[in-house]
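> To be precise about what I am sending: the file is called my_file-v3.cif and holds mmCIF, C-alpha atoms and all ligand atoms.
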```
data_work
loop_
_atom_site.label_atom_id
_atom_site.label_comp_id
_atom_site.auth_asym_id
_atom_site.auth_seq_id
_atom_site.Cartn_x
_atom_site.Cartn_y
_atom_site.Cartn_z
CA MET A 1290 -50.00 21.11 13.97
CA MET A 1291 -48.32 18.92 11.32
CA MET A 1292 -46.04 16.34 12.91
CA ARG A 1293 -42.87 15.52 11.08
CA SER A 1294 -42.27 11.87 10.35
CA ILE A 1295 -38.88 10.66 11.59
CA ASP A 1296 -37.58 10.62 8.01
CA GLU A 1297 -38.31 14.31 7.70
CA PHE A 1298 -35.78 15.13 10.40
CA VAL A 1299 -32.94 13.95 8.20
CA SER A 1300 -30.96 16.85 6.77
CA HIS A 1301 -30.40 17.46 3.09
CA ARG A 1302 -26.72 17.28 3.94
CA ALA A 1303 -27.08 13.68 5.08
CA LEU A 1304 -29.40 12.78 2.24
CA GLY A 1305 -26.88 14.16 -0.24
CA ILE A 1306 -24.53 11.33 0.62
CA ASP A 1307 -25.13 7.95 -0.92
CA ALA A 1308 -22.99 5.21 0.56
CA SER A 1309 -25.13 2.38 -0.79
CA GLY A 1310 -22.49 0.85 -3.08
CA ILE A 1311 -19.97 0.03 -0.40
CA ARG A 1312 -22.65 -0.83 2.16
CA LYS A 1313 -24.03 -3.49 -0.17
CA VAL A 1314 -20.63 -5.21 -0.22
CA PHE A 1315 -20.27 -5.05 3.56
CA ASP A 1316 -23.85 -6.33 4.09
CA LEU A 1317 -23.12 -9.25 1.82
CA ALA A 1318 -19.82 -9.89 3.62
CA ALA A 1319 -21.58 -10.11 6.96
CA LYS A 1320 -23.69 -12.99 5.63
CA MET A 1321 -20.75 -15.00 4.27
CA PRO A 1322 -19.23 -17.53 6.69
CA ASP A 1323 -15.61 -17.41 5.49
CA PRO A 1324 -15.16 -15.11 2.51
CA ILE A 1325 -11.84 -14.43 0.81
CA ASN A 1326 -11.97 -10.80 1.70
CA LEU A 1327 -10.12 -8.66 -0.82
CA SER A 1328 -12.35 -5.68 -0.15
CA ILE A 1329 -10.87 -3.69 2.70
CA GLY A 1330 -7.90 -1.42 3.15
CA LEU A 1331 -6.63 -2.94 6.37
CA PRO A 1332 -2.96 -3.73 6.90
CA ASP A 1333 -2.53 -7.44 7.60
CA PHE A 1334 0.25 -6.94 10.15
CA ASP A 1335 -0.20 -5.62 13.67
CA VAL A 1336 0.95 -2.49 15.51
CA PRO A 1337 4.73 -2.73 16.25
CA GLU A 1338 5.39 -4.12 19.75
CA ALA A 1339 7.12 -0.91 20.83
CA GLY A 1340 3.94 0.98 19.98
CA LYS A 1341 1.72 -1.35 22.01
CA THR A 1342 4.03 -1.14 25.02
CA ALA A 1343 4.20 2.63 24.80
CA ALA A 1344 0.39 2.86 24.57
CA ILE A 1345 -0.06 0.72 27.68
CA GLN A 1346 2.58 2.71 29.54
CA ALA A 1347 0.98 5.99 28.54
CA ILE A 1348 -2.40 4.84 29.84
CA GLU A 1349 -0.93 3.51 33.07
CA SER A 1350 1.09 6.64 33.70
CA GLY A 1351 -1.97 8.84 33.37
CA GLN A 1352 -1.68 10.31 29.86
CA ASN A 1353 -5.44 10.02 29.57
CA ARG A 1354 -6.57 13.61 29.48
CA TYR A 1355 -7.09 15.96 26.60
CA THR A 1356 -3.86 16.98 24.97
CA GLN A 1357 -3.38 20.37 23.42
CA THR A 1358 -5.71 20.68 20.43
CA GLN A 1359 -2.78 20.56 18.02
CA GLY A 1360 -1.32 17.39 19.58
CA ILE A 1361 1.60 16.69 21.91
CA ALA A 1362 4.65 18.84 21.25
CA PRO A 1363 7.28 16.07 21.00
CA LEU A 1364 5.29 14.20 18.34
CA ARG A 1365 4.67 17.37 16.35
CA GLN A 1366 8.35 18.27 16.58
CA ALA A 1367 9.48 14.79 15.51
CA LEU A 1368 7.16 14.84 12.51
CA ARG A 1369 8.13 18.38 11.56
CA GLN A 1370 11.81 17.43 11.62
CA ARG A 1371 11.24 14.32 9.53
CA LEU A 1372 9.22 16.25 6.97
CA SER A 1373 11.79 19.06 6.80
CA ALA A 1374 14.60 16.57 6.22
CA GLU A 1375 12.63 14.80 3.52
CA MET A 1376 11.35 17.88 1.70
CA GLY A 1377 14.42 20.06 2.05
CA ARG A 1378 12.33 22.87 3.54
CA ASP A 1379 10.31 23.52 6.66
CA LEU A 1380 6.67 22.79 5.87
CA GLY A 1381 5.44 24.76 8.85
CA ASP A 1382 3.39 23.68 11.77
CA VAL A 1383 2.11 20.12 12.20
CA LEU A 1384 -1.39 19.37 13.47
CA ILE A 1385 -2.10 15.90 14.87
CA THR A 1386 -5.56 14.77 13.77
CA SER A 1387 -8.00 11.93 14.37
CA GLY A 1388 -6.82 9.93 11.40
CA VAL A 1389 -6.25 11.31 7.94
CA SER A 1390 -10.06 11.23 7.70
CA GLY A 1391 -10.18 13.84 10.46
CA ALA A 1392 -7.58 15.93 8.65
CA LEU A 1393 -9.51 15.72 5.38
CA LEU A 1394 -12.67 16.97 7.04
CA LEU A 1395 -10.81 19.84 8.72
CA VAL A 1396 -9.04 20.97 5.52
CA ILE A 1397 -12.26 20.95 3.56
CA MET A 1398 -14.15 22.80 6.28
CA ALA A 1399 -11.31 25.31 6.63
CA VAL A 1400 -10.99 26.00 2.91
CA CYS A 1401 -14.29 25.43 1.11
CA ASP A 1402 -17.27 27.76 1.02
CA PRO A 1403 -20.53 26.51 -0.46
CA GLY A 1404 -20.22 26.48 -4.25
CA ASP A 1405 -16.43 26.35 -4.27
CA GLU A 1406 -14.93 23.81 -6.63
CA VAL A 1407 -12.26 21.26 -5.88
CA ILE A 1408 -10.62 19.17 -8.57
CA VAL A 1409 -10.63 15.47 -7.78
CA LEU A 1410 -9.07 12.86 -10.02
CA ASP A 1411 -11.45 10.02 -10.94
CA PRO A 1412 -11.16 7.29 -9.61
CA PHE A 1413 -10.84 8.76 -6.11
CA PHE A 1414 -10.78 7.73 -2.46
CA VAL A 1415 -14.47 7.46 -1.70
CA MET A 1416 -14.46 9.90 1.20
CA TYR A 1417 -13.33 12.90 -0.88
CA LYS A 1418 -16.53 13.31 -2.79
CA HIS A 1419 -18.76 12.89 0.24
CA LEU A 1420 -16.79 15.29 2.42
CA LEU A 1421 -16.94 17.93 -0.28
CA THR A 1422 -20.69 17.38 -0.62
CA MET A 1423 -21.04 17.76 3.15
CA ALA A 1424 -19.25 21.10 2.99
CA GLY A 1425 -21.52 22.28 0.15
CA ALA A 1426 -18.52 22.35 -2.20
CA LYS A 1427 -18.40 20.75 -5.60
CA ALA A 1428 -16.10 17.89 -6.54
CA VAL A 1429 -15.11 18.50 -10.16
CA LEU A 1430 -14.13 15.06 -11.35
CA VAL A 1431 -11.36 14.68 -13.91
CA ASP A 1432 -11.20 11.29 -15.58
CA THR A 1433 -7.81 9.53 -15.47
CA TYR A 1434 -8.73 6.30 -17.27
CA PRO A 1435 -7.19 4.14 -18.66
CA ASP A 1436 -3.70 4.63 -17.21
CA PHE A 1437 -4.63 6.55 -14.02
CA GLY A 1438 -1.87 9.09 -14.48
CA PHE A 1439 -2.14 12.88 -14.12
CA PRO A 1440 -3.97 14.28 -17.17
CA ALA A 1441 -2.49 17.79 -17.02
CA GLU A 1442 -4.48 19.20 -19.94
CA LYS A 1443 -7.80 17.92 -18.68
CA VAL A 1444 -7.05 19.25 -15.19
CA ALA A 1445 -6.17 22.69 -16.56
CA ALA A 1446 -9.37 22.69 -18.64
CA ALA A 1447 -11.48 21.90 -15.55
CA ILE A 1448 -10.37 25.02 -13.66
CA THR A 1449 -12.91 27.83 -13.25
CA PRO A 1450 -12.89 31.04 -11.17
CA ARG A 1451 -14.50 28.98 -8.35
CA THR A 1452 -11.71 26.39 -8.22
CA LYS A 1453 -9.84 26.55 -4.93
CA MET A 1454 -8.01 23.30 -4.56
CA LEU A 1455 -6.56 20.34 -6.40
CA MET A 1456 -6.71 17.05 -4.52
CA LEU A 1457 -3.98 14.52 -5.14
CA ASN A 1458 -3.60 11.05 -3.69
CA SER A 1459 -0.38 9.25 -4.44
CA PRO A 1460 0.06 6.31 -3.90
CA CYS A 1461 -3.60 6.11 -4.87
CA ASN A 1462 -6.54 4.33 -3.36
CA PRO A 1463 -8.08 2.58 -5.39
CA THR A 1464 -5.58 2.25 -8.27
CA GLY A 1465 -2.24 1.83 -6.48
CA MET A 1466 -0.64 4.22 -8.96
CA VAL A 1467 2.17 6.54 -7.85
CA MET A 1468 2.61 9.96 -9.45
CA SER A 1469 5.96 10.38 -11.19
CA GLN A 1470 8.09 13.44 -10.48
CA GLN A 1471 7.07 14.77 -13.90
CA GLN A 1472 3.38 14.41 -13.05
CA VAL A 1473 3.86 16.12 -9.70
CA ASP A 1474 5.73 18.93 -11.47
CA ASP A 1475 2.80 19.30 -13.91
CA ALA A 1476 0.34 19.48 -10.99
CA VAL A 1477 2.45 22.12 -9.24
CA ARG A 1478 2.82 24.15 -12.43
CA ILE A 1479 -0.96 24.22 -12.95
CA ALA A 1480 -1.66 25.01 -9.29
CA ARG A 1481 0.90 27.81 -9.33
CA GLN A 1482 -0.45 29.28 -12.53
CA HIS A 1483 -3.99 29.42 -11.11
CA GLY A 1484 -3.06 30.11 -7.49
CA LEU A 1485 -4.66 26.90 -6.19
CA LEU A 1486 -4.04 24.99 -3.01
CA ILE A 1487 -2.91 21.41 -3.41
CA LEU A 1488 -4.19 18.89 -0.90
CA SER A 1489 -1.79 15.95 -1.06
CA ASP A 1490 -3.05 12.81 0.66
CA GLU A 1491 0.06 10.70 1.14
CA ILE A 1492 -1.25 8.20 3.67
CA TYR A 1493 0.35 5.33 1.70
CA GLU A 1494 3.78 7.01 1.50
CA PRO A 1495 5.63 4.09 3.17
CA PHE A 1496 4.32 1.67 0.57
CA LEU A 1497 6.32 2.46 -2.52
CA TYR A 1498 7.58 -0.62 -4.34
CA ASP A 1499 9.95 -0.91 -7.29
CA GLN A 1500 11.40 2.58 -6.83
CA ARG A 1501 12.24 1.94 -3.18
CA GLN A 1502 13.33 -1.65 -3.75
CA ALA A 1503 16.05 -0.37 -6.05
CA ASN A 1504 17.04 2.42 -3.70
CA PRO A 1505 15.68 2.26 -0.12
CA GLY A 1506 16.01 6.01 0.47
CA THR A 1507 13.88 7.02 -2.53
CA PRO A 1508 11.41 9.71 -1.44
CA LEU A 1509 7.84 9.79 -2.71
CA PRO A 1510 7.45 12.52 -5.35
CA SER A 1511 5.45 15.14 -3.44
CA PRO A 1512 4.18 18.61 -4.33
CA ALA A 1513 5.08 19.69 -0.79
CA ARG A 1514 8.75 19.78 -1.78
CA ASP A 1515 8.41 22.72 -4.19
CA TYR A 1516 5.03 24.26 -3.62
CA ASP A 1517 4.33 26.09 -0.39
CA ARG A 1518 0.59 26.12 -0.97
CA THR A 1519 0.48 22.37 -0.35
CA ILE A 1520 -1.38 20.87 2.59
CA LEU A 1521 0.26 17.54 3.19
CA LEU A 1522 -1.61 14.74 4.92
CA ARG A 1523 -0.01 11.60 6.26
CA GLY A 1524 -0.93 9.19 9.02
CA PHE A 1525 -0.24 6.11 11.06
CA SER A 1526 -3.25 3.94 10.10
CA LYS A 1527 -1.60 2.21 7.18
CA SER A 1528 2.09 2.68 7.93
CA HIS A 1529 1.90 1.29 11.47
CA ALA A 1530 -1.26 -0.81 11.18
CA MET A 1531 -3.10 1.49 13.58
CA THR A 1532 -6.36 1.96 11.69
CA GLY A 1533 -8.34 1.81 14.92
CA TRP A 1534 -6.10 4.24 16.78
CA ARG A 1535 -7.19 7.21 14.70
CA LEU A 1536 -3.97 9.13 14.19
CA GLY A 1537 -2.99 11.29 11.28
CA TYR A 1538 -1.35 14.65 10.71
CA ALA A 1539 -1.41 17.70 8.49
CA ALA A 1540 1.38 20.12 7.61
CA GLY A 1541 1.21 23.21 5.47
CA PRO A 1542 0.67 26.97 5.38
CA ALA A 1543 0.37 28.32 8.93
CA GLN A 1544 -2.87 30.21 8.25
CA ILE A 1545 -4.68 27.09 7.04
CA ILE A 1546 -3.29 24.89 9.81
CA ALA A 1547 -4.42 27.52 12.35
CA GLN A 1548 -7.98 27.41 10.98
CA MET A 1549 -7.94 23.61 11.01
CA THR A 1550 -6.77 23.70 14.62
CA LYS A 1551 -9.63 26.02 15.55
CA LEU A 1552 -12.11 23.67 13.89
CA GLN A 1553 -10.53 20.66 15.60
CA GLN A 1554 -10.98 22.42 18.95
CA TYR A 1555 -14.75 22.47 18.41
CA THR A 1556 -15.14 19.04 16.81
CA PHE A 1557 -12.62 16.28 17.56
CA VAL A 1558 -10.98 18.30 20.39
CA CYS A 1559 -7.73 16.32 20.07
CA ALA A 1560 -6.45 13.03 18.71
CA PRO A 1561 -6.46 10.17 21.28
CA SER A 1562 -3.97 11.15 24.02
CA PRO A 1563 -2.18 7.93 25.01
CA LEU A 1564 -1.91 6.87 21.40
CA GLN A 1565 -0.08 10.05 20.48
CA TYR A 1566 2.63 8.97 22.95
CA ALA A 1567 2.62 5.52 21.41
CA ALA A 1568 3.03 7.00 17.92
CA LEU A 1569 6.02 8.96 19.18
CA ALA A 1570 7.66 5.67 20.19
CA VAL A 1571 7.34 4.18 16.69
CA VAL A 1572 7.64 7.18 14.42
CA ASP A 1573 11.16 6.16 13.44
CA SER A 1574 10.66 2.40 13.37
CA PRO A 1575 11.82 0.82 10.13
CA MET A 1576 8.97 -0.20 7.84
CA GLU A 1577 11.03 -2.16 5.34
CA GLN A 1578 9.63 -5.54 6.35
CA ALA A 1579 6.03 -4.47 5.78
CA ARG A 1580 6.98 -2.67 2.57
CA SER A 1581 8.69 -5.69 1.06
CA ALA A 1582 5.88 -8.03 2.17
CA TYR A 1583 3.37 -5.85 0.35
CA GLN A 1584 5.57 -5.69 -2.72
CA ARG A 1585 5.55 -9.50 -2.79
CA LYS A 1586 1.75 -9.45 -2.53
CA ARG A 1587 1.56 -6.87 -5.30
CA ASP A 1588 3.59 -9.26 -7.47
CA ILE A 1589 1.34 -12.22 -6.63
CA ALA A 1590 -1.80 -10.24 -7.48
CA TYR A 1591 -0.44 -8.61 -10.62
CA ASP A 1592 1.16 -11.76 -12.02
CA LEU A 1593 -2.06 -13.76 -11.65
CA LEU A 1594 -4.56 -11.09 -12.65
CA SER A 1595 -2.66 -9.72 -15.63
CA LYS A 1596 -3.08 -13.09 -17.36
CA ARG A 1597 -6.84 -12.60 -17.58
CA PHE A 1598 -7.58 -8.93 -16.96
CA GLN A 1599 -6.55 -5.62 -18.40
CA VAL A 1600 -4.69 -4.10 -15.45
CA ASN A 1601 -2.06 -1.47 -14.69
CA ARG A 1602 0.86 -2.54 -12.55
CA PRO A 1603 0.55 -0.54 -9.33
CA ASP A 1604 3.66 0.77 -7.61
CA GLY A 1605 2.24 1.71 -4.21
CA ALA A 1606 -0.47 1.38 -1.53
CA PHE A 1607 -2.04 -2.09 -1.38
CA TYR A 1608 -4.64 -1.94 -4.10
CA ILE A 1609 -4.92 -3.09 -7.67
CA PHE A 1610 -7.68 -1.96 -10.02
CA PRO A 1611 -8.33 -4.34 -12.92
CA LYS A 1612 -10.90 -3.86 -15.65
CA ALA A 1613 -13.93 -6.15 -15.53
CA PRO A 1614 -14.25 -8.50 -18.51
CA ASP A 1615 -15.92 -7.12 -21.65
CA GLY A 1616 -19.68 -7.34 -21.70
CA ILE A 1617 -20.24 -7.16 -17.95
CA THR A 1618 -20.39 -4.17 -15.61
CA ALA A 1619 -18.00 -4.12 -12.69
CA SER A 1620 -20.98 -4.29 -10.31
CA ASP A 1621 -22.27 -7.46 -11.96
CA PHE A 1622 -18.78 -8.94 -12.00
CA CYS A 1623 -18.44 -8.23 -8.27
CA THR A 1624 -21.81 -9.90 -7.61
CA LYS A 1625 -20.49 -12.93 -9.49
CA ALA A 1626 -17.25 -12.86 -7.47
CA ILE A 1627 -19.15 -12.60 -4.21
CA ALA A 1628 -21.32 -15.58 -5.22
CA ASN A 1629 -17.99 -17.41 -5.54
CA ASN A 1630 -16.87 -16.36 -2.07
CA VAL A 1631 -14.49 -13.53 -3.10
CA LEU A 1632 -15.24 -10.06 -1.81
CA ILE A 1633 -14.15 -7.20 -4.06
CA ILE A 1634 -15.47 -3.67 -4.56
CA PRO A 1635 -16.97 -2.37 -7.80
CA GLY A 1636 -15.26 0.66 -9.26
CA ASN A 1637 -18.44 2.74 -9.27
CA VAL A 1638 -17.92 3.23 -5.52
CA PHE A 1639 -14.79 5.26 -6.40
CA SER A 1640 -15.73 6.56 -9.81
CA THR A 1641 -18.42 7.67 -12.23
CA ARG A 1642 -17.50 4.57 -14.24
CA ASP A 1643 -18.59 1.04 -13.46
CA THR A 1644 -15.90 -0.73 -15.44
CA HIS A 1645 -13.18 -1.70 -12.96
CA PHE A 1646 -12.99 -3.35 -9.56
CA ARG A 1647 -10.74 -2.82 -6.56
CA ILE A 1648 -8.77 -5.53 -4.87
CA SER A 1649 -6.97 -4.93 -1.61
CA TYR A 1650 -4.03 -7.31 -1.43
CA ALA A 1651 -3.53 -6.74 2.30
CA THR A 1652 -4.22 -10.36 3.20
CA THR A 1653 -2.20 -13.56 3.45
CA ASP A 1654 -0.31 -14.66 0.32
CA GLU A 1655 -2.33 -17.89 0.19
CA ARG A 1656 -5.75 -16.27 0.37
CA LEU A 1657 -4.71 -13.61 -2.10
CA ALA A 1658 -3.55 -16.16 -4.64
CA GLU A 1659 -6.68 -18.25 -4.12
CA GLY A 1660 -8.92 -15.20 -4.54
CA CYS A 1661 -7.09 -14.07 -7.70
CA ARG A 1662 -7.35 -17.57 -9.21
CA ILE A 1663 -11.11 -17.61 -8.59
CA LEU A 1664 -11.45 -14.16 -10.20
CA CYS A 1665 -9.45 -15.36 -13.21
CA SER A 1666 -11.71 -18.39 -13.54
CA LEU A 1667 -14.72 -16.03 -13.64
CA ALA A 1668 -13.19 -13.89 -16.36
CA GLY A 1669 -14.16 -16.53 -18.95
N1 LIG A 1701 -6.89 8.65 2.57
C1 LIG A 1701 -6.87 7.50 1.86
C2 LIG A 1701 -6.43 7.56 0.44
C3 LIG A 1701 -7.28 6.31 2.45
O1 LIG A 1701 -7.26 5.18 1.73
C4 LIG A 1701 -7.70 6.31 3.81
C5 LIG A 1701 -8.18 5.06 4.51
N2 LIG A 1701 -8.66 4.05 3.78
C6 LIG A 1701 -7.71 7.53 4.49
C7 LIG A 1701 -7.29 8.67 3.85
C8 LIG A 1701 -8.18 7.65 5.92
O2 LIG A 1701 -7.36 6.97 6.78
P1 LIG A 1701 -7.39 7.17 8.37
O3 LIG A 1701 -8.52 8.04 8.69
O4 LIG A 1701 -7.53 5.79 8.94
O5 LIG A 1701 -6.07 7.79 8.72
#
```
Spit out the file's structure as structure tokens when you get a sec.
Ligand code: PMP

Amino acid sequence: MMMRSIDEFVSHRALGIDASGIRKVFDLAAKMPDPINLSIGLPDFDVPEAGKTAAIQAIESGQNRYTQTQGIAPLRQALRQRLSAEMGRDLGDVLITSGVSGALLLVIMAVCDPGDEVIVLDPFFVMYKHLLTMAGAKAVLVDTYPDFGFPAEKVAAAITPRTKMLMLNSPCNPTGMVMSQQQVDDAVRIARQHGLLILSDEIYEPFLYDQRQANPGTPLPSPARDYDRTILLRGFSKSHAMTGWRLGYAAGPAQIIAQMTKLQQYTFVCAPSPLQYAALAVVDSPMEQARSAYQRKRDIAYDLLSKRFQVNRPDGAFYIFPKAPDGITASDFCTKAIANNVLIIPGNVFSTRDTHFRISYATTDERLAEGCRILCSLAG
């Protein structure tokens, strides 16, 4: 009998995913004693005190068992109310998930059959493409360079009879761009015309800069307001610096949320129990301090980098996506930056192009400025 080698046990599904680009950066980082790390999407503030206290209390008072698959009722209710007030309509049921990552997996598994097509704007959050590959679906990439807006005509032209869903991510990782109301309206018009679902990943919703600076109540333009075939995803990782707590949520059409709930029952089971209680304690805490701190960091990064690089001014999230200097690929420029102690990520991790690089400005003002100055000095 032929014995399989260990490598032969690996599924085609797993082999279809190539995470080498980002792994290379993290492997290099591990070898550097004290890098200026502008590579990761981690908030540089900590969980609000009220959240920590509530988490400890929840553990001590025995909230350590499975919750209902869909999450604890008071948290779901609080989120549903907040979303209804913001959107001017009831979005339907809310499912608490293990991070927005968990929600993304569940939506894709609930919606996509093998061969189905999903439109993804390029550059994209790295997980989208891989999750779609895992589900046997096809990410149809639509290029948004150089301004990273919403190219309505190109999106419309990419639709085929197999297209099921349009994925949006505003504020965007990796570009930091925020869709305008006009762009959201264009996306909704196209989705409506072709009967598509919209998956709107709004994990960075609290981090909206100039628009909210001028008027603190300004809502993020969202397709969920007008289009009832939107599945809205938001979470606590970025807003409340809880990346390790694994909490996110999904709201949208009841039939899809019900299928996601069924799939959660047989995969994640539920989001972490005590931390759902902790999230309830901070769901209404004001985020203005963190928002304005990030806006300041955005200004530091943009003001320095725009002197030497071609770069769009981002209005949200905590990323900026400059173009590498002429004559060098983004990968080679990143290697050069890493040799100079600055960790950044080449754009080809998030894109079919290798022309830009991503900076996360979620670090101290001093390190950010130092890192940006080094990058400028490498731009020649
Ligand atoms: N969506 C986007 C656009 C992200 O940047 C991230 C995290 N980097 C996620 C989803 C997943 O976040 P989490 O699973 O921590 O909620």
> Please return as a PyMOL selection string the residues found within 7 Å of ligand LIG 1701 (chain A), counting all atoms listed in the file.
chain A and resi 1330+1387-1391+1414+1458+1461-1462+1490+1492+1524-1526+1532+1535-1537
> Output the selection as a PDB file, in the frame of the given file - C-alpha atoms for each residue.

```pdb
ATOM      1  CA  GLY A1330      -7.900  -1.420   3.150  1.00  0.00           C
ATOM      2  CA  SER A1387      -8.000  11.930  14.370  1.00  0.00           C
ATOM      3  CA  GLY A1388      -6.820   9.930  11.400  1.00  0.00           C
ATOM      4  CA  VAL A1389      -6.250  11.310   7.940  1.00  0.00           C
ATOM      5  CA  SER A1390     -10.060  11.230   7.700  1.00  0.00           C
ATOM      6  CA  GLY A1391     -10.180  13.840  10.460  1.00  0.00           C
ATOM      7  CA  PHE A1414     -10.780   7.730  -2.460  1.00  0.00           C
ATOM      8  CA  ASN A1458      -3.600  11.050  -3.690  1.00  0.00           C
ATOM      9  CA  CYS A1461      -3.600   6.110  -4.870  1.00  0.00           C
ATOM     10  CA  ASN A1462      -6.540   4.330  -3.360  1.00  0.00           C
ATOM     11  CA  ASP A1490      -3.050  12.810   0.660  1.00  0.00           C
ATOM     12  CA  ILE A1492      -1.250   8.200   3.670  1.00  0.00           C
ATOM     13  CA  GLY A1524      -0.930   9.190   9.020  1.00  0.00           C
ATOM     14  CA  PHE A1525      -0.240   6.110  11.060  1.00  0.00           C
ATOM     15  CA  SER A1526      -3.250   3.940  10.100  1.00  0.00           C
ATOM     16  CA  THR A1532      -6.360   1.960  11.690  1.00  0.00           C
ATOM     17  CA  ARG A1535      -7.190   7.210  14.700  1.00  0.00           C
ATOM     18  CA  LEU A1536      -3.970   9.130  14.190  1.00  0.00           C
ATOM     19  CA  GLY A1537      -2.990  11.290  11.280  1.00  0.00           C
TER      20      GLY A1537
END
```
> Edge lengths and centre in Å to one decimal, as JSON, is what I'm after for the box along x, y and z that holds all listed atoms of region 1492-1496 of chain A once 3 Å is added on each side.

```
{"center_x": 2.2, "center_y": 4.9, "center_z": 2.1, "size_x": 12.9, "size_y": 12.5, "size_z": 9.1}
```
> Taking into account only C-alpha atoms, which residue in the set A:Thr1464, A:Pro1563, A:Ser1595, A:Val1571 is nearest to Gln1352 (chain A)?
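Answer, going by the shortest atom-to-atom distance: A:Pro1563.
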> Between A:Thr1519, A:Gln1584, A:Gln1472, A:Ser1309, which one has atoms that come closest to Leu1455 (chain A), using all atoms listed in the file?
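Going through A:Thr1519, A:Gln1584, A:Gln1472, A:Ser1309 one by one, the smallest distance to Leu1455 (chain A) is for A:Thr1519.
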> Between CA of Glu1577 (chain A) and CA of Gly1506 (chain A), what is the spacing in Å?
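These two atoms are separated by 10.7 Å.
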> Please report the interatomic distance between CA of Met1454 (chain A) and CA of Leu1485 (chain A) in Å with one decimal.
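Between CA of Met1454 (chain A) and CA of Leu1485 (chain A) the gap is 5.2 Å.
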> Contacts of Cys1661 (chain A) at 8 Å or less, counting all atoms listed in the file, minus same-chain residues fewer than 6 places along, as a PyMOL selection string?
chain A and resi 1590+1593-1594
> Hey, can you check how far CA of Val1631 (chain A) sits from CA of Arg1602 (chain A)?
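According to the coordinates, CA of Val1631 (chain A) and CA of Arg1602 (chain A) are separated by 21.1 Å.
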> Identify, on the basis of only C-alpha atoms, every residue whose closest approach to Ala1308 (chain A) does not exceed 12 Å; exclude the query and any residue fewer than 2 positions from it along the same chain; express the result as number ranges by chain.
A: 1303-1306, 1310-1315, 1415-1416, 1418-1420, 1637-1639
> Please provide as a PyMOL selection string all residues within 9 Å of Pro1463 (chain A), with the sequence filter that same-chain residues fewer than 4 positions apart are discarded (counting all atoms listed in the file).
chain A and resi 1412-1415+1606-1610+1636+1639+1646-1649
> Nearest residue to Asp1379 (chain A) out of A:His1301, A:His1483, A:Arg1514, A:Lys1527, using all atoms listed in the file?
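Among A:His1301, A:His1483, A:Arg1514, A:Lys1527, it is A:Arg1514 that comes nearest to Asp1379 (chain A).
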> Name the residues in contact with Ala1530 (chain A) at a cut-off of 7 Å, using all atoms listed in the file, excluding same-chain residues fewer than 6 positions from it; report them as a list of chain:residue names.
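Selected residues are A:Pro1332, A:Phe1334, A:Asp1335, A:Val1336.
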> Please identify all polymer residues within 9 Å of region 1366-1374 of chain A, counting all atoms listed in the file, omitting same-chain residues fewer than 4 positions from it, and present them as a PyMOL selection string.
chain A and resi 1361-1362+1378-1383+1538+1540+1569+1572
> Of the candidates A:Asn1601, A:Gln1359, A:Ser1528, A:Thr1452, which one gets nearest to Ser1574 (chain A) if we count all atoms listed in the file?
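Distance minimum relative to Ser1574 (chain A) lands on A:Ser1528.
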> Could you check which of A:Glu1406, A:Pro1561, A:Thr1550, A:Val1431 is closest to Lys1443 (chain A), using only C-alpha atoms?
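Closest to Lys1443 (chain A), using only C-alpha atoms: A:Val1431.
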> So which one's closest to Ala1399 (chain A), A:Ile1546, A:Glu1375, A:Ser1459, A:Thr1422? Using all atoms listed in the file, please.
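Closest to Ala1399 (chain A), using all atoms listed in the file: A:Ile1546.
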